[in-house]
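Peer 1: Sharing run_6.csv below, CSV, C-alpha atoms and all ligand atoms:
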```
chain,number,residue,atom,x,y,z
A,1,MET,CA,22.1,15.4,-9.8
A,2,GLU,CA,19.4,17.9,-10.7
A,3,SER,CA,16.4,17.7,-8.4
A,4,ILE,CA,13.3,16.0,-9.8
A,5,LYS,CA,9.9,17.5,-9.0
A,6,LEU,CA,6.7,15.7,-9.3
A,7,HIS,CA,3.2,17.0,-8.7
A,8,TYR,CA,-0.1,15.0,-8.2
A,9,ASP,CA,-3.7,16.0,-7.8
A,10,ILE,CA,-5.4,13.5,-5.7
A,11,SER,CA,-9.1,13.4,-6.6
A,12,ALA,CA,-11.7,13.3,-3.9
A,13,THR,CA,-13.1,9.9,-2.9
A,14,ASP,CA,-11.8,8.2,-6.0
A,15,PHE,CA,-10.8,4.9,-4.5
A,16,THR,CA,-10.1,3.4,-7.9
A,17,ARG,CA,-7.2,5.8,-8.5
A,18,ALA,CA,-5.9,5.8,-4.9
A,19,GLY,CA,-2.4,4.5,-4.8
A,20,ALA,CA,-1.7,5.7,-8.4
A,21,ALA,CA,0.5,8.6,-7.3
A,22,SER,CA,2.6,6.5,-4.9
A,23,GLY,CA,2.9,3.9,-7.6
A,24,ASP,CA,4.2,6.5,-10.0
A,25,VAL,CA,6.8,7.8,-7.6
A,26,LYS,CA,7.9,4.2,-6.9
A,27,ARG,CA,8.4,3.7,-10.7
A,28,VAL,CA,10.4,6.9,-11.0
A,29,LEU,CA,12.7,5.9,-8.1
A,30,LYS,CA,13.2,2.5,-9.5
A,31,GLU,CA,14.2,3.9,-12.8
A,32,LEU,CA,16.7,6.2,-11.0
A,33,GLY,CA,18.2,3.1,-9.4
A,34,VAL,CA,17.3,4.2,-5.8
A,35,ALA,CA,17.9,1.5,-3.2
A,36,PRO,CA,14.9,-0.9,-2.7
A,37,ALA,CA,14.8,-0.1,1.1
A,38,THR,CA,14.5,3.6,0.4
A,39,ILE,CA,11.8,3.0,-2.2
A,40,ARG,CA,9.8,0.9,0.2
A,41,ASN,CA,9.9,3.7,2.9
A,42,VAL,CA,8.7,6.2,0.3
A,43,ALA,CA,6.0,3.8,-1.0
A,44,VAL,CA,4.6,3.1,2.5
A,45,ALA,CA,4.6,6.7,3.7
A,46,MET,CA,3.2,8.2,0.5
A,47,TYR,CA,0.5,5.5,0.0
A,48,GLU,CA,-0.8,6.0,3.5
A,49,GLY,CA,-0.8,9.8,3.1
A,50,GLU,CA,-2.5,9.5,-0.2
A,51,ILE,CA,-5.2,7.2,1.1
A,52,ASN,CA,-5.8,9.4,4.1
A,53,MET,CA,-6.4,12.4,1.8
A,54,VAL,CA,-9.0,10.4,-0.2
A,55,ILE,CA,-10.8,8.9,2.8
A,56,HIS,CA,-10.6,11.7,5.4
A,57,ALA,CA,-10.1,14.9,3.5
A,58,GLY,CA,-11.8,14.8,0.1
A,59,GLY,CA,-8.6,14.7,-1.9
A,60,GLY,CA,-5.6,17.1,-2.1
A,61,GLU,CA,-2.2,17.6,-3.7
A,62,ILE,CA,1.1,16.0,-3.3
A,63,ASP,CA,4.5,17.5,-4.3
A,64,VAL,CA,7.5,15.3,-4.4
A,65,GLU,CA,11.1,16.4,-4.7
A,66,ILE,CA,13.9,13.9,-5.3
A,67,THR,CA,17.4,15.2,-4.6
A,68,GLU,CA,20.7,13.4,-4.2
A,69,ASP,CA,20.2,12.7,-0.5
A,70,ALA,CA,16.5,12.5,0.1
A,71,ILE,CA,13.0,12.3,-1.2
A,72,GLN,CA,10.7,15.0,0.2
A,73,MET,CA,6.9,14.6,0.0
A,74,ILE,CA,4.5,17.4,0.9
A,75,LEU,CA,0.9,16.3,1.1
A,76,THR,CA,-1.7,19.1,1.4
A,77,ASP,CA,-5.4,18.9,1.8
A,78,HIS,CA,-8.2,21.2,2.6
A,79,GLY,CA,-10.3,18.7,4.5
A,80,PRO,CA,-11.6,19.0,8.1
A,81,GLY,CA,-8.3,18.9,9.8
A,82,ILE,CA,-7.4,16.7,12.7
A,83,GLU,CA,-8.8,17.7,16.1
A,84,ASN,CA,-6.4,15.7,18.3
A,85,VAL,CA,-3.1,14.9,16.5
A,86,GLU,CA,-1.7,12.9,19.4
A,87,LEU,CA,-4.7,10.6,19.4
A,88,ALA,CA,-4.7,10.3,15.6
A,89,MET,CA,-1.1,9.2,15.8
A,90,LYS,CA,-2.0,6.3,18.1
A,91,GLU,CA,-1.9,2.8,16.6
A,92,GLY,CA,-5.5,1.6,16.3
A,93,TYR,CA,-7.2,5.0,16.4
A,94,SER,CA,-9.5,5.5,13.5
A,95,THR,CA,-12.6,7.5,12.6
A,96,ALA,CA,-13.2,5.6,9.3
A,97,PRO,CA,-16.8,4.8,8.8
A,98,ASP,CA,-18.1,1.3,8.2
A,99,ASN,CA,-18.3,1.5,4.4
A,100,ILE,CA,-14.6,2.5,4.3
A,101,ARG,CA,-13.7,-0.3,6.8
A,102,CYS,CA,-15.3,-2.8,4.5
A,103,LEU,CA,-12.6,-1.9,1.9
A,104,GLY,CA,-9.8,-2.9,4.2
A,105,PHE,CA,-9.0,0.6,5.7
A,106,GLY,CA,-9.6,1.9,9.2
A,107,ALA,CA,-7.0,-0.1,11.1
A,108,GLY,CA,-5.7,3.1,12.5
A,109,MET,CA,-2.2,2.3,11.3
A,110,GLY,CA,-1.7,4.8,8.5
A,111,LEU,CA,-0.3,7.8,10.4
A,112,PRO,CA,1.9,5.5,12.7
A,113,ASN,CA,3.2,3.8,9.5
A,114,ILE,CA,4.0,7.1,7.9
A,115,LYS,CA,6.0,8.2,10.9
A,116,LYS,CA,7.8,4.9,11.2
A,117,TYR,CA,8.8,4.8,7.5
A,118,SER,CA,9.9,8.4,7.1
A,119,ASP,CA,13.1,10.0,8.5
A,120,GLU,CA,11.5,13.4,9.0
A,121,PHE,CA,7.8,13.8,9.8
A,122,ARG,CA,5.9,16.9,10.4
A,123,ILE,CA,2.1,17.4,10.6
A,124,ASP,CA,0.4,20.8,10.4
A,125,THR,CA,-3.3,20.8,10.8
A,126,GLU,CA,-6.0,23.2,11.6
A,127,LEU,CA,-9.7,22.4,12.1
A,128,GLY,CA,-11.8,23.5,9.1
A,129,VAL,CA,-8.7,24.5,7.2
A,130,GLY,CA,-6.8,21.3,6.3
A,131,THR,CA,-3.8,19.2,6.9
A,132,THR,CA,-0.3,19.2,5.6
A,133,LEU,CA,2.2,16.4,6.0
A,134,THR,CA,5.8,17.2,5.3
A,135,LEU,CA,7.8,14.0,5.0
A,136,LYS,CA,11.4,13.2,4.2
A,137,VAL,CA,13.0,9.8,3.5
A,138,TYR,CA,16.8,9.8,3.3
A,139,MET,CA,18.6,7.9,0.6
A,140,SER,CA,20.2,4.9,2.2
B,1,MET,CA,9.5,-22.0,-5.3
B,2,THR,CA,7.8,-20.1,-8.1
B,3,VAL,CA,4.3,-18.9,-8.3
B,4,GLN,CA,3.7,-21.5,-11.0
B,5,ASN,CA,4.9,-24.3,-8.6
B,6,LEU,CA,2.4,-23.0,-6.0
B,7,ILE,CA,-0.4,-23.1,-8.5
B,8,ASP,CA,0.4,-26.6,-9.6
B,9,THR,CA,0.9,-28.0,-6.1
B,10,LEU,CA,-2.1,-26.4,-4.3
B,11,HIS,CA,-4.3,-26.6,-7.4
B,12,LEU,CA,-5.0,-22.9,-7.3
B,13,THR,CA,-7.2,-21.2,-10.0
B,14,VAL,CA,-5.5,-18.3,-11.9
B,15,LEU,CA,-7.7,-15.2,-12.1
B,16,THR,CA,-5.1,-12.8,-13.4
B,17,GLU,CA,-1.7,-13.7,-14.7
B,18,GLY,CA,1.4,-11.7,-13.9
B,19,ASP,CA,4.9,-13.1,-13.7
B,20,LEU,CA,4.3,-16.8,-12.9
B,21,GLU,CA,8.0,-17.5,-12.7
B,22,LYS,CA,8.5,-15.0,-9.9
B,23,GLU,CA,10.1,-16.6,-6.8
B,24,ILE,CA,8.0,-16.9,-3.6
B,25,THR,CA,10.3,-16.1,-0.7
B,26,GLY,CA,7.8,-15.6,2.1
B,27,CYS,CA,4.1,-15.2,3.1
B,28,TYR,CA,1.9,-12.6,4.7
B,29,CYS,CA,-1.7,-13.1,5.9
B,30,GLY,CA,-4.0,-10.2,6.5
B,31,ASP,CA,-6.9,-8.2,5.3
B,32,LEU,CA,-6.3,-4.8,6.8
B,33,LEU,CA,-4.5,-2.9,4.2
B,34,SER,CA,-2.3,-0.6,6.4
B,35,TRP,CA,-1.0,-3.7,8.2
B,36,VAL,CA,-0.2,-5.4,4.9
B,37,MET,CA,1.3,-2.3,3.4
B,38,SER,CA,3.9,-2.1,6.2
B,39,ARG,CA,4.5,-5.8,6.9
B,40,ALA,CA,4.4,-7.6,3.5
B,41,VAL,CA,7.7,-7.6,1.7
B,42,GLU,CA,8.9,-8.3,-1.8
B,43,GLY,CA,8.4,-11.9,-2.8
B,44,ASP,CA,5.7,-12.6,-0.3
B,45,CYS,CA,2.7,-14.7,-1.2
B,46,TRP,CA,-0.2,-12.6,0.2
B,47,LEU,CA,-3.2,-14.5,1.6
B,48,THR,CA,-6.3,-12.5,2.0
B,49,VAL,CA,-10.1,-12.2,1.4
B,50,MET,CA,-9.8,-8.6,0.2
B,51,GLY,CA,-10.3,-8.7,-3.6
B,52,ASN,CA,-10.7,-5.0,-4.3
B,53,ILE,CA,-8.8,-2.5,-6.3
B,54,ASN,CA,-7.0,-1.2,-3.2
B,55,ALA,CA,-5.6,-4.6,-2.5
B,56,VAL,CA,-4.2,-4.6,-6.0
B,57,ALA,CA,-2.5,-1.2,-5.3
B,58,VAL,CA,-1.0,-2.7,-2.1
B,59,ALA,CA,0.3,-5.7,-4.0
B,60,VAL,CA,2.0,-3.4,-6.5
B,61,LEU,CA,3.5,-1.2,-3.9
B,62,THR,CA,4.8,-4.1,-1.8
B,63,ASP,CA,6.1,-6.1,-4.8
B,64,CYS,CA,4.5,-9.2,-3.4
B,65,ALA,CA,4.8,-12.3,-5.6
B,66,CYS,CA,1.1,-12.9,-5.8
B,67,ILE,CA,-2.3,-12.5,-4.1
B,68,VAL,CA,-4.1,-15.7,-3.1
B,69,LEU,CA,-7.8,-15.0,-2.4
B,70,THR,CA,-8.8,-17.7,0.1
B,71,GLU,CA,-12.2,-19.2,0.8
B,72,ASN,CA,-13.4,-18.3,-2.7
B,73,ALA,CA,-13.4,-14.6,-1.8
B,74,ALA,CA,-14.7,-12.5,-4.7
B,75,LEU,CA,-12.5,-10.4,-7.0
B,76,ASP,CA,-14.1,-7.1,-8.1
B,77,ALA,CA,-14.3,-6.5,-11.8
B,78,ASP,CA,-12.3,-3.2,-11.6
B,79,ALA,CA,-9.7,-5.0,-9.4
B,80,ARG,CA,-9.3,-7.7,-12.0
B,81,GLN,CA,-8.8,-5.1,-14.7
B,82,ARG,CA,-6.2,-3.2,-12.7
B,83,ALA,CA,-4.4,-6.3,-11.8
B,84,GLU,CA,-4.2,-7.3,-15.5
B,85,GLN,CA,-2.9,-3.8,-16.4
B,86,GLN,CA,-0.3,-3.9,-13.7
B,87,GLY,CA,0.8,-7.5,-14.1
B,88,VAL,CA,-0.3,-8.6,-10.6
B,89,THR,CA,-1.0,-12.4,-10.3
B,90,ILE,CA,-4.2,-13.2,-8.4
B,91,LEU,CA,-5.0,-16.8,-7.6
B,92,THR,CA,-8.0,-18.2,-5.8
B,93,THR,CA,-8.9,-21.3,-3.8
B,94,ASP,CA,-11.7,-22.6,-1.6
B,95,LYS,CA,-9.2,-23.4,1.2
B,96,THR,CA,-8.9,-21.3,4.3
B,97,THR,CA,-6.0,-18.9,4.8
B,98,TYR,CA,-4.7,-21.1,7.5
B,99,ALA,CA,-4.8,-24.2,5.3
B,100,VAL,CA,-2.9,-22.4,2.5
B,101,ALA,CA,-0.4,-21.0,4.9
B,102,VAL,CA,0.4,-24.4,6.4
B,103,ALA,CA,0.7,-26.0,3.0
B,104,LEU,CA,3.0,-23.1,1.8
B,105,SER,CA,5.1,-23.5,4.9
B,106,GLU,CA,5.6,-27.2,4.1
B,107,LEU,CA,6.5,-26.4,0.5
B,108,MET,CA,9.1,-23.8,1.5
B,109,LYS,CA,11.0,-26.2,3.8
C,201,LIG,N1,-5.7,14.1,6.0
C,201,LIG,C1,-6.5,13.9,7.0
C,201,LIG,N2,-7.5,14.8,7.3
C,201,LIG,C2,-8.4,14.6,8.3
C,201,LIG,N3,-8.3,13.6,9.2
C,201,LIG,C3,-7.3,12.7,9.1
C,201,LIG,C4,-6.4,12.8,8.0
C,201,LIG,N4,-5.5,11.8,8.1
C,201,LIG,C5,-5.8,11.1,9.2
C,201,LIG,N5,-6.9,11.7,9.8
C,201,LIG,C6,-7.6,11.2,11.0
C,201,LIG,O1,-6.6,10.5,11.8
C,201,LIG,C7,-7.1,9.1,12.0
C,201,LIG,C8,-6.0,8.1,12.0
C,201,LIG,O2,-5.4,8.1,10.7
C,201,LIG,P1,-4.7,6.7,10.2
C,201,LIG,O3,-4.2,6.9,8.8
C,201,LIG,O4,-3.7,6.4,11.3
C,201,LIG,O5,-5.8,5.6,10.3
C,201,LIG,P2,-7.1,5.3,9.3
C,201,LIG,O6,-6.9,6.1,8.1
C,201,LIG,O7,-8.3,5.6,10.0
C,201,LIG,O8,-6.9,3.8,9.1
C,201,LIG,P3,-5.8,3.0,8.2
C,201,LIG,O9,-4.8,4.1,7.8
C,201,LIG,O10,-5.2,2.0,9.1
C,201,LIG,O11,-6.5,2.4,7.0
C,201,LIG,C9,-8.2,8.9,10.9
C,201,LIG,O12,-9.1,8.0,11.2
C,201,LIG,C10,-8.8,10.3,10.8
C,201,LIG,O13,-9.7,10.6,11.9
C,202,MG,MG,-5.1,6.0,7.0
```
Write the structure described by the file as structure tokens, please.
Ligand SMILES: Nc1ncnc2c1ncn2[C@@H]1O[C@H](COP(=O)(O)OP(=O)(O)OP(=O)(O)O)[C@@H](O)[C@H]1O
Ligand SMILES: [Mg+2]
Peer 2:
Amino acid sequence: MESIKLHYDISATDFTRAGAASGDVKRVLKELGVAPATIRNVAVAMYEGEINMVIHAGGGEIDVEITEDAIQMILTDHGPGIENVELAMKEGYSTAPDNIRCLGFGAGMGLPNIKKYSDEFRIDTELGVGTTLTLKVYMS
Amino acid sequence: MTVQNLIDTLHLTVLTEGDLEKEITGCYCGDLLSWVMSRAVEGDCWLTVMGNINAVAVAVLTDCACIVLTENAALDADARQRAEQQGVTILTTDKTTYAVAVALSELMK
């Protein structure tokens, strides 16, 4: 199979669109007949990454590549970066402000979920420069 | 049990109508979206007080059978519109999440 490449611009602080890119990837994978368990892994990982970009980093870009054996997602933002990655990866750790928590975010479960639902997980971050997540979900 | 069966039995009010013949195969209760996102599974009836557009996105991504807004929790106008576009069923009741979960558990026996 030819690899399929998808690109999304995630707009800053637009909560009404947040989840749209993950939803679109999910639709494409469904049309390709990808196994539901694989689609679920991709949906969870990408949604959490997408929301983090909107909430914590003022938006960014997502590149998705679907090949025969995996779905790769690269999420890049130019936000503040993450000071302490180990802490950010802890379940329950969140710096989300109150107005964001009122929307149902801020449980501090996003990054742990992303790690749990992806087969390969890499986070590159630099303070004042931005954050890049490189994720891979294998086809089951 | 279908979503329609649930509506009839528990006298729920339909706010937006998706596939009412969809089978309910489980239930998840929660308002924190990252928890719901990773725990709710396809066919779940999701009980929550979170009636915003982000909840609709989570319902779409998890393929849950329907959202039930408990304790008359409000549904935002933009959330209603998105749910209609995406075919997400949203129901409402004045009952608590606990009361609905208990009733649902009886129905699923
Ligand atoms: N792209 C990002 N840029 C800057 N900081 C980030 C980014 N993603 C995560 N963080 C930081 O890491 C913390 C933990 O992220 P995580 O997604 O686990 O939780 P959360 O977004 O705060 O809450 P939840 O995802 O449960 O709604 C965030 O509160 C934030 O401080
Ligand atoms: Mg998050």
Peer 1: Using all atoms listed in the file, which residues sit within 6 Å of range 28-37 of chain B once same-chain residues fewer than 3 positions away are excluded, as a ChimeraX atom specification?
Peer 2: /A:104-105,109-110 /B:40,46-48,50,58
Peer 1: Using all atoms listed in the file, find the one residue out of A:Leu133, A:Met53, A:Met73, A:Val64 that sits nearest to ligand LIG 201 (chain C).
Peer 2: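 The closest residue to ligand LIG 201 (chain C) is A:Met53.
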Peer 1: List as a VMD selection string the protein and nucleic acid residues lying within 12 Å of ligand MG 202 (chain C), with only C-alpha atoms and all ligand atoms counted.
Peer 2: (chain A and resid 18 44 to 57 88 to 97 100 to 101 104 to 115) or (chain B and resid 32 to 35 37)
Peer 1: Once you have the residues from the selection above, write them out as a PDB file, in the frame of the given file, restricted to C-alpha atoms.
Peer 2:
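Saved the output as again_0.pdb:
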```
ATOM      1  CA  ALA A  18      -5.900   5.800  -4.900  1.00  0.00           C
ATOM      2  CA  VAL A  44       4.600   3.100   2.500  1.00  0.00           C
ATOM      3  CA  ALA A  45       4.600   6.700   3.700  1.00  0.00           C
ATOM      4  CA  MET A  46       3.200   8.200   0.500  1.00  0.00           C
ATOM      5  CA  TYR A  47       0.500   5.500   0.000  1.00  0.00           C
ATOM      6  CA  GLU A  48      -0.800   6.000   3.500  1.00  0.00           C
ATOM      7  CA  GLY A  49      -0.800   9.800   3.100  1.00  0.00           C
ATOM      8  CA  GLU A  50      -2.500   9.500  -0.200  1.00  0.00           C
ATOM      9  CA  ILE A  51      -5.200   7.200   1.100  1.00  0.00           C
ATOM     10  CA  ASN A  52      -5.800   9.400   4.100  1.00  0.00           C
ATOM     11  CA  MET A  53      -6.400  12.400   1.800  1.00  0.00           C
ATOM     12  CA  VAL A  54      -9.000  10.400  -0.200  1.00  0.00           C
ATOM     13  CA  ILE A  55     -10.800   8.900   2.800  1.00  0.00           C
ATOM     14  CA  HIS A  56     -10.600  11.700   5.400  1.00  0.00           C
ATOM     15  CA  ALA A  57     -10.100  14.900   3.500  1.00  0.00           C
ATOM     16  CA  ALA A  88      -4.700  10.300  15.600  1.00  0.00           C
ATOM     17  CA  MET A  89      -1.100   9.200  15.800  1.00  0.00           C
ATOM     18  CA  LYS A  90      -2.000   6.300  18.100  1.00  0.00           C
ATOM     19  CA  GLU A  91      -1.900   2.800  16.600  1.00  0.00           C
ATOM     20  CA  GLY A  92      -5.500   1.600  16.300  1.00  0.00           C
ATOM     21  CA  TYR A  93      -7.200   5.000  16.400  1.00  0.00           C
ATOM     22  CA  SER A  94      -9.500   5.500  13.500  1.00  0.00           C
ATOM     23  CA  THR A  95     -12.600   7.500  12.600  1.00  0.00           C
ATOM     24  CA  ALA A  96     -13.200   5.600   9.300  1.00  0.00           C
ATOM     25  CA  PRO A  97     -16.800   4.800   8.800  1.00  0.00           C
ATOM     26  CA  ILE A 100     -14.600   2.500   4.300  1.00  0.00           C
ATOM     27  CA  ARG A 101     -13.700  -0.300   6.800  1.00  0.00           C
ATOM     28  CA  GLY A 104      -9.800  -2.900   4.200  1.00  0.00           C
ATOM     29  CA  PHE A 105      -9.000   0.600   5.700  1.00  0.00           C
ATOM     30  CA  GLY A 106      -9.600   1.900   9.200  1.00  0.00           C
ATOM     31  CA  ALA A 107      -7.000  -0.100  11.100  1.00  0.00           C
ATOM     32  CA  GLY A 108      -5.700   3.100  12.500  1.00  0.00           C
ATOM     33  CA  MET A 109      -2.200   2.300  11.300  1.00  0.00           C
ATOM     34  CA  GLY A 110      -1.700   4.800   8.500  1.00  0.00           C
ATOM     35  CA  LEU A 111      -0.300   7.800  10.400  1.00  0.00           C
ATOM     36  CA  PRO A 112       1.900   5.500  12.700  1.00  0.00           C
ATOM     37  CA  ASN A 113       3.200   3.800   9.500  1.00  0.00           C
ATOM     38  CA  ILE A 114       4.000   7.100   7.900  1.00  0.00           C
ATOM     39  CA  LYS A 115       6.000   8.200  10.900  1.00  0.00           C
TER      40      LYS A 115
ATOM     41  CA  LEU B  32      -6.300  -4.800   6.800  1.00  0.00           C
ATOM     42  CA  LEU B  33      -4.500  -2.900   4.200  1.00  0.00           C
ATOM     43  CA  SER B  34      -2.300  -0.600   6.400  1.00  0.00           C
ATOM     44  CA  TRP B  35      -1.000  -3.700   8.200  1.00  0.00           C
ATOM     45  CA  MET B  37       1.300  -2.300   3.400  1.00  0.00           C
TER      46      MET B  37
END
```
Peer 1: Do you know which residues are at most 12 Å from Glu68 in chain A counting all atoms listed in the file, after dropping those on the same chain fewer than 4 positions away, and could you put them as a ChimeraX atom specification?
Peer 2: /A:1-4,29,32-34,72,137-140
Peer 1: Using only C-alpha atoms, please write the residues we just selected to a file, as an mmCIF file, keeping the file's coordinate frame.
Peer 2:
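New file selection-v5.cif:
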```
data_model
loop_
_atom_site.group_PDB
_atom_site.id
_atom_site.type_symbol
_atom_site.label_atom_id
_atom_site.label_comp_id
_atom_site.auth_asym_id
_atom_site.auth_seq_id
_atom_site.Cartn_x
_atom_site.Cartn_y
_atom_site.Cartn_z
ATOM 1 C CA MET A 1 22.100 15.400 -9.800
ATOM 2 C CA GLU A 2 19.400 17.900 -10.700
ATOM 3 C CA SER A 3 16.400 17.700 -8.400
ATOM 4 C CA ILE A 4 13.300 16.000 -9.800
ATOM 5 C CA LEU A 29 12.700 5.900 -8.100
ATOM 6 C CA LEU A 32 16.700 6.200 -11.000
ATOM 7 C CA GLY A 33 18.200 3.100 -9.400
ATOM 8 C CA VAL A 34 17.300 4.200 -5.800
ATOM 9 C CA GLN A 72 10.700 15.000 0.200
ATOM 10 C CA VAL A 137 13.000 9.800 3.500
ATOM 11 C CA TYR A 138 16.800 9.800 3.300
ATOM 12 C CA MET A 139 18.600 7.900 0.600
ATOM 13 C CA SER A 140 20.200 4.900 2.200
#
```
Peer 1: Find, counting all atoms listed in the file, the residue in A:Thr125, A:Ser22, A:Thr67, A:Ser11 that gets nearest to chain B.
Peer 2: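 Looking only at the distances to chain B, the closest residue turns out to be A:Ser22.
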Peer 1: At what distance in Å, to one decimal, does CA of Ala20 in chain A lie from CA of Gln81 in chain B?
Peer 2: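 Distance between the two atoms: 14.4 Å.
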Peer 1: Using only C-alpha atoms, can you tell me which of B:Leu61, B:Ala73, B:Met1, B:Val56 comes closest to chain A?
Peer 2: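 Residue with the minimum atom-to-atom distance to chain A: B:Leu61.
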Peer 1: Under the rule that only C-alpha atoms and all ligand atoms are counted, which of B:Gly26, B:Asn54, B:Thr16, B:Leu6 is the nearest residue to ligand LIG 201 (chain C)?
Peer 2: B:Asn54
Peer 1: Could you check the closest approach to ligand LIG 201 (chain C) for each of B:Ser38, B:Thr25, B:Gln4, B:Thr13 and tell me which residue wins, using all atoms listed in the file?
Peer 2: B:Ser38
Peer 1: Using all atoms listed in the file, which residue out of A:Gly23, A:Gly58, A:Gly81, A:Pro36 lies closest to ligand LIG 201 (chain C)?
Peer 2: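 Under the stated criterion, the closest residue is A:Gly81.
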Peer 1: Which polymer residues, whether protein, DNA or RNA, lie within 12 Å of the coordinate (-6.0, 22.3, 0.5) when you count all atoms listed in the file? List them as a ChimeraX atom specification, using the chain letters and numbers from the file.
Peer 2: /A:9-12,53,57-62,74-81,124-126,128-133
Peer 1: Excluding Val60 in chain B and any residue of its chain fewer than 6 positions from it, enumerate the residues within 9 Å of it, using only C-alpha atoms, and give them as a count of residues only.
Peer 2: 5
